[in-house]
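Visitor: What follows is protein24.cif, mmCIF, C-alpha atoms.
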```
data_model
#
loop_
_atom_site.label_atom_id
_atom_site.label_comp_id
_atom_site.auth_asym_id
_atom_site.auth_seq_id
_atom_site.Cartn_x
_atom_site.Cartn_y
_atom_site.Cartn_z
CA MET A 1 91.18 75.45 112.55
CA HIS A 2 89.76 78.94 112.88
CA PRO A 3 86.61 79.17 110.75
CA ASP A 4 88.02 82.10 108.79
CA ALA A 5 91.10 80.10 107.83
CA ALA A 6 89.04 77.71 105.75
CA ARG A 7 88.12 80.59 103.49
CA GLY A 8 91.73 81.48 102.82
CA ALA A 9 93.11 84.99 103.09
CA LEU A 10 90.63 87.81 103.67
CA ARG A 11 90.86 91.54 103.11
CA ARG A 12 92.58 94.02 105.40
CA ILE A 13 92.11 97.76 105.77
CA VAL A 14 95.07 99.81 107.00
CA PHE A 15 93.95 103.19 108.36
CA TRP A 16 97.00 105.46 108.25
CA ARG A 17 97.05 108.90 109.85
CA HIS A 18 98.97 111.64 108.04
CA GLY A 19 102.31 112.99 109.21
CA ARG A 20 102.87 115.91 111.54
CA THR A 21 101.99 119.51 110.67
CA ASP A 22 102.80 122.82 112.29
CA TRP A 23 99.23 123.01 113.58
CA ASN A 24 99.59 119.58 115.18
CA ALA A 25 102.72 120.84 116.91
CA ALA A 26 100.89 123.99 118.08
CA GLY A 27 97.88 122.04 119.38
CA ARG A 28 95.40 123.60 116.95
CA PHE A 29 92.21 121.89 115.79
CA GLN A 30 92.90 121.58 112.06
CA GLY A 31 89.63 120.03 110.95
CA GLN A 32 89.26 120.57 107.21
CA THR A 33 91.70 123.47 107.04
CA ASP A 34 94.24 122.48 104.39
CA ILE A 35 97.48 122.57 106.37
CA PRO A 36 100.55 120.89 104.76
CA LEU A 37 103.01 118.50 106.35
CA ASN A 38 106.01 120.09 107.98
CA GLU A 39 109.56 118.75 107.61
CA GLU A 40 109.05 116.25 110.42
CA GLY A 41 105.76 115.10 108.85
CA HIS A 42 107.46 114.35 105.53
CA ARG A 43 110.17 112.41 107.35
CA GLN A 44 107.54 110.41 109.25
CA ALA A 45 105.62 109.64 106.05
CA HIS A 46 108.65 108.31 104.20
CA GLN A 47 109.77 106.23 107.18
CA ALA A 48 106.30 104.73 107.74
CA ALA A 49 105.79 104.12 104.01
CA ARG A 50 108.73 101.72 103.92
CA ARG A 51 107.12 99.68 106.71
CA LEU A 52 103.65 99.69 105.17
CA ALA A 53 105.02 98.65 101.78
CA SER A 54 105.96 95.32 103.39
CA LEU A 55 102.21 94.59 103.71
CA SER A 56 101.99 94.49 99.89
CA PRO A 57 98.99 96.82 99.64
CA SER A 58 96.57 96.37 96.74
CA ALA A 59 95.22 99.92 96.69
CA ILE A 60 95.66 103.32 98.31
CA VAL A 61 92.88 105.85 98.89
CA SER A 62 93.41 109.23 100.52
CA SER A 63 91.54 112.22 101.81
CA ASP A 64 91.87 115.09 99.36
CA LEU A 65 93.59 117.41 101.85
CA ASP A 66 97.25 118.23 101.26
CA ARG A 67 98.63 116.60 104.40
CA THR A 68 97.04 113.25 103.57
CA ARG A 69 97.84 113.42 99.87
CA ALA A 70 101.54 114.02 100.65
CA THR A 71 101.54 111.13 103.13
CA ALA A 72 99.88 108.82 100.60
CA ASP A 73 102.35 109.87 97.90
CA ALA A 74 105.20 108.58 100.06
CA LEU A 75 103.66 105.10 99.99
CA ALA A 76 102.84 105.37 96.28
CA ALA A 77 106.50 106.11 95.59
CA VAL A 78 107.66 102.81 97.09
CA THR A 79 104.78 100.62 95.85
CA ASP A 80 104.12 102.07 92.36
CA LEU A 81 100.41 102.16 93.22
CA PRO A 82 98.20 105.07 92.17
CA VAL A 83 96.49 107.11 94.87
CA ALA A 84 92.73 107.41 94.63
CA VAL A 85 91.27 110.50 96.29
CA ASP A 86 87.97 110.66 98.18
CA SER A 87 86.80 113.77 100.04
CA GLY A 88 84.68 111.50 102.25
CA LEU A 89 87.88 110.72 104.15
CA ARG A 90 88.40 114.32 105.27
CA GLU A 91 88.77 115.23 108.92
CA THR A 92 85.80 116.51 110.92
CA ASN A 93 84.46 119.83 109.72
CA ALA A 94 84.79 121.72 113.00
CA GLY A 95 83.27 124.99 111.85
CA ALA A 96 84.09 127.84 114.23
CA TRP A 97 86.58 125.72 116.17
CA GLN A 98 89.01 125.23 113.31
CA GLY A 99 92.38 126.89 113.75
CA HIS A 100 91.97 127.38 117.49
CA THR A 101 93.71 125.58 120.35
CA PHE A 102 91.53 123.53 122.67
CA ASP A 103 92.14 126.04 125.47
CA ALA A 104 90.80 128.78 123.21
CA ILE A 105 87.80 126.66 122.19
CA ARG A 106 87.08 125.99 125.86
CA GLY A 107 86.82 129.73 126.37
CA MET A 108 84.61 130.18 123.29
CA ASP A 109 82.22 127.25 123.62
CA PRO A 110 82.81 125.42 126.91
CA GLU A 111 79.60 123.39 127.16
CA ALA A 112 79.66 122.10 123.58
CA LEU A 113 83.36 121.22 123.89
CA ARG A 114 82.71 119.40 127.17
CA ARG A 115 80.01 117.25 125.53
CA TRP A 116 82.17 116.65 122.49
CA GLU A 117 85.24 115.70 124.55
CA ASP A 118 83.04 113.37 126.63
CA GLY A 119 82.33 111.47 123.42
CA ASP A 120 78.79 112.66 122.64
CA VAL A 121 78.28 111.49 119.04
CA HIS A 122 75.45 114.00 118.49
CA THR A 123 77.37 117.19 119.36
CA ALA A 124 78.46 119.14 116.29
CA ALA A 125 82.07 120.30 116.48
CA GLY A 126 82.07 124.07 116.09
CA GLY A 127 78.47 123.91 114.92
CA ALA A 128 79.37 121.82 111.85
CA GLU A 129 79.76 118.01 111.89
CA THR A 130 78.93 115.41 114.52
CA ARG A 131 80.92 112.23 115.03
CA LEU A 132 77.99 110.31 113.51
CA ASP A 133 78.22 112.47 110.37
CA VAL A 134 81.94 111.83 110.02
CA ALA A 135 81.70 108.09 110.68
CA ALA A 136 78.97 107.65 108.07
CA ARG A 137 80.89 109.40 105.29
CA VAL A 138 84.15 107.61 106.14
CA HIS A 139 82.30 104.28 105.99
CA ARG A 140 80.86 105.16 102.57
CA ALA A 141 84.29 106.17 101.28
CA VAL A 142 85.83 102.91 102.50
CA ASP A 143 83.06 100.90 100.84
CA ARG A 144 83.71 102.70 97.55
CA ALA A 145 87.42 101.95 97.75
CA LEU A 146 86.91 98.30 98.73
CA ALA A 147 85.04 97.69 95.48
CA ALA A 148 88.43 97.65 93.71
CA VAL A 149 90.23 95.45 96.27
CA PRO A 150 90.57 91.69 95.64
CA ALA A 151 89.25 89.12 98.11
CA ASP A 152 92.67 88.72 99.73
CA GLY A 153 93.84 92.31 99.23
CA THR A 154 94.95 95.12 101.51
CA LEU A 155 93.50 98.62 101.25
CA VAL A 156 95.46 101.52 102.72
CA VAL A 157 93.21 104.42 103.77
CA VAL A 158 95.13 107.65 104.42
CA SER A 159 93.05 109.94 106.58
CA HIS A 160 92.98 111.98 109.80
CA GLY A 161 93.04 111.19 113.51
CA GLY A 162 89.43 111.98 114.38
CA ALA A 163 87.98 110.62 111.14
CA ILE A 164 89.88 107.36 111.52
CA ARG A 165 88.84 106.86 115.13
CA VAL A 166 85.12 107.22 114.47
CA GLY A 167 85.40 105.31 111.19
CA LEU A 168 86.94 102.39 113.05
CA ALA A 169 84.23 102.47 115.71
CA HIS A 170 81.51 102.52 113.05
CA LEU A 171 83.02 99.69 110.98
CA LEU A 172 83.51 97.58 114.10
CA GLY A 173 79.89 98.10 115.07
CA LEU A 174 80.71 99.49 118.52
CA PRO A 175 77.79 100.97 120.50
CA HIS A 176 77.92 104.75 120.49
CA ASP A 177 78.70 104.95 124.20
CA LEU A 178 81.85 102.86 123.63
CA TRP A 179 83.34 104.91 120.80
CA GLY A 180 85.45 106.80 123.32
CA ALA A 181 87.14 103.53 124.33
CA LEU A 182 89.27 103.74 121.18
CA ALA A 183 92.34 105.94 121.63
CA GLY A 184 93.45 108.25 118.85
CA LEU A 185 96.33 107.68 116.45
CA SER A 186 99.72 109.36 116.61
CA ASN A 187 100.94 111.11 113.48
CA CYS A 188 101.84 108.56 110.79
CA SER A 189 100.72 105.58 112.89
CA TRP A 190 98.12 103.14 111.66
CA SER A 191 95.38 100.72 112.68
CA ILE A 192 94.44 97.53 110.85
CA LEU A 193 91.02 95.96 110.42
CA GLU A 194 90.89 92.31 109.40
CA GLU A 195 87.88 90.91 107.59
CA ARG A 196 85.80 88.20 109.27
CA ARG A 197 83.20 85.92 107.79
CA PRO A 198 80.45 88.07 106.24
CA HIS A 199 77.09 88.75 107.78
CA ARG A 200 74.15 86.68 106.60
CA ASP A 201 73.20 89.63 104.39
CA GLY A 202 76.61 89.35 102.71
CA GLY A 203 78.06 92.53 104.17
CA PRO A 204 81.63 92.50 105.52
CA ARG A 205 82.47 92.27 109.21
CA TRP A 206 85.73 93.45 110.74
CA ARG A 207 87.90 92.93 113.80
CA LEU A 208 90.67 95.17 115.08
CA GLY A 209 94.04 93.57 114.42
CA GLU A 210 96.34 96.46 115.35
CA HIS A 211 95.72 99.94 116.76
CA ASN A 212 97.99 102.99 116.76
CA ALA A 213 100.89 100.90 115.50
CA GLY A 214 104.13 102.19 114.06
CA THR A 215 107.23 101.79 116.16
CA LEU A 216 107.30 102.55 119.88
CA PRO A 217 104.24 104.32 121.33
CA VAL A 218 104.40 108.11 121.05
CA PRO A 219 101.97 110.72 122.40
CA VAL A 220 98.93 111.65 120.31
CA THR A 221 99.07 115.33 119.35
CA VAL A 222 95.75 117.00 118.51
CA GLU A 223 93.74 114.08 117.22
CA GLU A 224 91.29 116.10 115.14
CA GLY A 225 93.64 116.94 112.34
#
```
Take the structure from the file and write it as structure tokens.

Guide:
Amino acid sequence: MHPDAARGALRRIVFWRHGRTDWNAAGRFQGQTDIPLNEEGHRQAHQAARRLASLSPSAIVSSDLDRTRATADALAAVTDLPVAVDSGLRETNAGAWQGHTFDAIRGMDPEALRRWEDGDVHTAAGGAETRLDVAARVHRAVDRALAAVPADGTLVVVSHGGAIRVGLAHLLGLPHDLWGALAGLSNCSWSILEERRPHRDGGPRWRLGEHNAGTLPVPVTVEEG
């Protein structure tokens, strides 16, 4: 028997990226700009919500930006769960890069973008947040939400492509130079962390159960959004 099985069911965290927006379609770095879902994004959210409802979630927590709130509301509608809101789940604050395509950013700030695209966790996107900054606040937000989740419960975290990717890496304890090994999430796809036996200090440990799941694989469009 697997050692975790003896403890019975453990918690799961479902990280769900919001649906498509017009800026995703245009290849713009959204960051914390409050861009709403487009028609396709609403369709994706309602379709994915029906699948995620089959996991019998215990709680839903969302970034406070409109595109994540609307995505979370689609799941709330089919589960009758309230949606908690936590600004710690926002996308990367990309400062001067927000609203620009990556080609435009490459013209504006080529060296910083090169380091950032190479996965440097210390480079601040657009002079604002680093990946370490984002990962730390996402982790804190998840910890706050987990406080209300039962020992065998499932928490759905509705957030953004870049924030989810670094949050996963941080929660999994990956070395910084391996964070880039995790691919991004497509719009309205999700990744699932499964709880393992706790550390000796009592803190939770996680393993990656699914990544960028949904239906068939589709291309990732502008992860940082």

Visitor: Enumerate, as JSON, numbers by chain, the residues matched when the PyMOL selection byres ((chain A and resi 214) around 10) is run on the file above.

Guide: {"A": [16, 47, 48, 51, 52, 185, 186, 187, 188, 189, 190, 191, 210, 211, 212, 213, 215, 216, 217, 218]}

Visitor: Calculated over all atoms listed in the file, which of the candidates A:Thr71, A:Ser63, A:Thr33, A:Thr154 has the smallest distance to A:Val138?

Guide: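 When distances to A:Val138 are compared using all atoms listed in the file, the smallest one comes from A:Ser63.
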
Visitor: Ranking A:Leu113, A:Val142, A:Ile164, A:Leu193 by minimum distance to A:Asp86 and counting all atoms listed in the file, which one comes first?

Guide: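 Of A:Leu113, A:Val142, A:Ile164, A:Leu193, the one nearest A:Asp86, counting all atoms listed in the file, is A:Val142.
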
Visitor: Using Å and a single decimal, report how far atom CA of A:Gly153 sits from atom CA of A:Arg69.

Guide: 21.5 Å

Visitor: Using the chain letters and numbering of this document, enumerate as a compact mmCIF listing (two decimals) with C-alpha atoms, keeping the file's coordinate frame the residues selected by the PyMOL selection byres ((chain A and resi 97-103) around 6).

Guide:
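Okay, out-v4.txt is ready:
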```txt
# COMPACT_ATOMS: atom_id res chain seq x y z
CA GLY A 27 97.88 122.04 119.38
CA ARG A 28 95.40 123.60 116.95
CA PHE A 29 92.21 121.89 115.79
CA GLN A 30 92.90 121.58 112.06
CA GLY A 31 89.63 120.03 110.95
CA ALA A 94 84.79 121.72 113.00
CA GLY A 95 83.27 124.99 111.85
CA ALA A 96 84.09 127.84 114.23
CA ALA A 104 90.80 128.78 123.21
CA ILE A 105 87.80 126.66 122.19
CA ARG A 106 87.08 125.99 125.86
CA GLY A 126 82.07 124.07 116.09
```

Visitor: Which residue, A:Gly180, A:Pro57, A:Gly107, A:Gly88, has the smallest gap to A:Leu75 when you use all atoms listed in the file?

Guide: A:Pro57

Visitor: When the PyMOL selection byres ((chain A and resi 11) around 10) is applied to the file above, which residues end up in the set, as a compact mmCIF listing (two decimals) with C-alpha atoms, in the frame of the given file?

Guide:
```
# COMPACT_ATOMS: atom_id res chain seq x y z
CA ALA A 9 93.11 84.99 103.09
CA LEU A 10 90.63 87.81 103.67
CA ARG A 12 92.58 94.02 105.40
CA ILE A 13 92.11 97.76 105.77
CA SER A 58 96.57 96.37 96.74
CA LEU A 146 86.91 98.30 98.73
CA VAL A 149 90.23 95.45 96.27
CA PRO A 150 90.57 91.69 95.64
CA ALA A 151 89.25 89.12 98.11
CA ASP A 152 92.67 88.72 99.73
CA GLY A 153 93.84 92.31 99.23
CA THR A 154 94.95 95.12 101.51
CA LEU A 155 93.50 98.62 101.25
CA LEU A 193 91.02 95.96 110.42
CA GLU A 194 90.89 92.31 109.40
CA GLU A 195 87.88 90.91 107.59
CA ARG A 196 85.80 88.20 109.27
CA PRO A 204 81.63 92.50 105.52
CA TRP A 206 85.73 93.45 110.74
```

Visitor: Return the single residue from A:Arg90, A:His176, A:Arg165, A:Arg67 that is closest to A:Ile192, with distances computed using only C-alpha atoms.

Guide: A:Arg165

Visitor: Figure out the distance between atom CA of A:Val78 and atom CA of A:Ala53, please, to one decimal in Å.

Guide: 6.8 Å

Visitor: What is the atom CA of A:Leu182-atom CA of A:Glu91 distance in Å, reported with one decimal?

Guide: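 Spanning atom CA of A:Leu182 to atom CA of A:Glu91 is a straight-line distance of 16.8 Å.
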
Visitor: Could you give me the axis-aligned bounding box of stretch 12-27 of chain A, with 3 Å of padding per side, as centre plus edge lengths in Å to one decimal, as lines of an AutoDock Vina configuration file?

Guide:
```
center_x = 97.5
center_y = 109.0
center_z = 112.4
size_x = 16.8
size_y = 36.0
size_z = 20.0
```

Visitor: Between A:Leu65, A:Ala169, A:Ala59, A:Ala181, which residue has the minimum interatomic distance to A:Leu81, considering only C-alpha atoms?

Guide: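 Comparing A:Leu65, A:Ala169, A:Ala59, A:Ala181 against A:Leu81, the winner is A:Ala59.
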
Visitor: At most 12 Å from (107.6, 118.9, 109.2), file frame, only C-alpha atoms: which residues, as a PyMOL selection string?

Guide: chain A and resi 18-25+35-46+67+70-71+187-188

Visitor: Pick from A:Ala112, A:Val157, A:Val121, A:Val83: nearest to A:Ala135, with all atoms listed in the file counted?

Guide: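 Of the candidates, the smallest distance to A:Ala135 is held by A:Val121.
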
Visitor: Using the partial input, fill out stretch 104-118 of chain A with N, CA, C and O atoms; write the result as a PDB file, in the frame of the given file.

Guide:
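The new file result_6.pdb reads:
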```pdb
ATOM      1  N   ALA A 104      91.570 127.667 123.762  1.00  0.00           N
ATOM      2  CA  ALA A 104      90.800 128.780 123.210  1.00  0.00           C
ATOM      3  C   ALA A 104      89.350 128.369 122.963  1.00  0.00           C
ATOM      4  O   ALA A 104      88.413 129.129 123.246  1.00  0.00           O
ATOM      5  N   ILE A 105      89.162 127.154 122.445  1.00  0.00           N
ATOM      6  CA  ILE A 105      87.800 126.660 122.190  1.00  0.00           C
ATOM      7  C   ILE A 105      87.033 126.541 123.505  1.00  0.00           C
ATOM      8  O   ILE A 105      85.839 126.847 123.578  1.00  0.00           O
ATOM      9  N   ARG A 106      87.730 126.129 124.557  1.00  0.00           N
ATOM     10  CA  ARG A 106      87.080 125.990 125.860  1.00  0.00           C
ATOM     11  C   ARG A 106      86.571 127.351 126.349  1.00  0.00           C
ATOM     12  O   ARG A 106      85.519 127.436 127.002  1.00  0.00           O
ATOM     13  N   GLY A 107      87.269 128.398 126.014  1.00  0.00           N
ATOM     14  CA  GLY A 107      86.820 129.730 126.370  1.00  0.00           C
ATOM     15  C   GLY A 107      85.659 130.215 125.506  1.00  0.00           C
ATOM     16  O   GLY A 107      84.799 130.969 125.959  1.00  0.00           O
ATOM     17  N   MET A 108      85.640 129.760 124.229  1.00  0.00           N
ATOM     18  CA  MET A 108      84.610 130.180 123.290  1.00  0.00           C
ATOM     19  C   MET A 108      83.291 129.433 123.481  1.00  0.00           C
ATOM     20  O   MET A 108      82.207 130.013 123.392  1.00  0.00           O
ATOM     21  N   ASP A 109      83.401 128.131 123.707  1.00  0.00           N
ATOM     22  CA  ASP A 109      82.220 127.250 123.620  1.00  0.00           C
ATOM     23  C   ASP A 109      82.348 126.111 124.631  1.00  0.00           C
ATOM     24  O   ASP A 109      82.395 124.943 124.252  1.00  0.00           O
ATOM     25  N   PRO A 110      82.431 126.438 125.923  1.00  0.00           N
ATOM     26  CA  PRO A 110      82.810 125.420 126.910  1.00  0.00           C
ATOM     27  C   PRO A 110      81.851 124.246 127.018  1.00  0.00           C
ATOM     28  O   PRO A 110      82.289 123.104 127.144  1.00  0.00           O
ATOM     29  N   GLU A 111      80.547 124.485 126.963  1.00  0.00           N
ATOM     30  CA  GLU A 111      79.600 123.390 127.160  1.00  0.00           C
ATOM     31  C   GLU A 111      79.597 122.431 125.973  1.00  0.00           C
ATOM     32  O   GLU A 111      79.604 121.206 126.152  1.00  0.00           O
ATOM     33  N   ALA A 112      79.626 122.964 124.762  1.00  0.00           N
ATOM     34  CA  ALA A 112      79.660 122.100 123.580  1.00  0.00           C
ATOM     35  C   ALA A 112      80.966 121.301 123.543  1.00  0.00           C
ATOM     36  O   ALA A 112      80.965 120.112 123.223  1.00  0.00           O
ATOM     37  N   LEU A 113      82.085 121.947 123.887  1.00  0.00           N
ATOM     38  CA  LEU A 113      83.360 121.220 123.890  1.00  0.00           C
ATOM     39  C   LEU A 113      83.360 120.136 124.947  1.00  0.00           C
ATOM     40  O   LEU A 113      83.880 119.042 124.712  1.00  0.00           O
ATOM     41  N   ARG A 114      82.764 120.419 126.112  1.00  0.00           N
ATOM     42  CA  ARG A 114      82.710 119.400 127.170  1.00  0.00           C
ATOM     43  C   ARG A 114      81.939 118.170 126.672  1.00  0.00           C
ATOM     44  O   ARG A 114      82.397 117.038 126.852  1.00  0.00           O
ATOM     45  N   ARG A 115      80.779 118.382 126.046  1.00  0.00           N
ATOM     46  CA  ARG A 115      80.010 117.250 125.530  1.00  0.00           C
ATOM     47  C   ARG A 115      80.775 116.509 124.463  1.00  0.00           C
ATOM     48  O   ARG A 115      80.790 115.270 124.430  1.00  0.00           O
ATOM     49  N   TRP A 116      81.427 117.263 123.597  1.00  0.00           N
ATOM     50  CA  TRP A 116      82.170 116.650 122.490  1.00  0.00           C
ATOM     51  C   TRP A 116      83.362 115.846 123.016  1.00  0.00           C
ATOM     52  O   TRP A 116      83.596 114.724 122.585  1.00  0.00           O
ATOM     53  N   GLU A 117      84.099 116.410 123.982  1.00  0.00           N
ATOM     54  CA  GLU A 117      85.240 115.700 124.550  1.00  0.00           C
ATOM     55  C   GLU A 117      84.794 114.484 125.360  1.00  0.00           C
ATOM     56  O   GLU A 117      85.546 113.512 125.489  1.00  0.00           O
ATOM     57  N   ASP A 118      83.582 114.527 125.903  1.00  0.00           N
ATOM     58  CA  ASP A 118      83.040 113.370 126.630  1.00  0.00           C
ATOM     59  C   ASP A 118      82.588 112.262 125.697  1.00  0.00           C
ATOM     60  O   ASP A 118      82.162 111.199 126.155  1.00  0.00           O
TER      61      ASP A 118
END
```
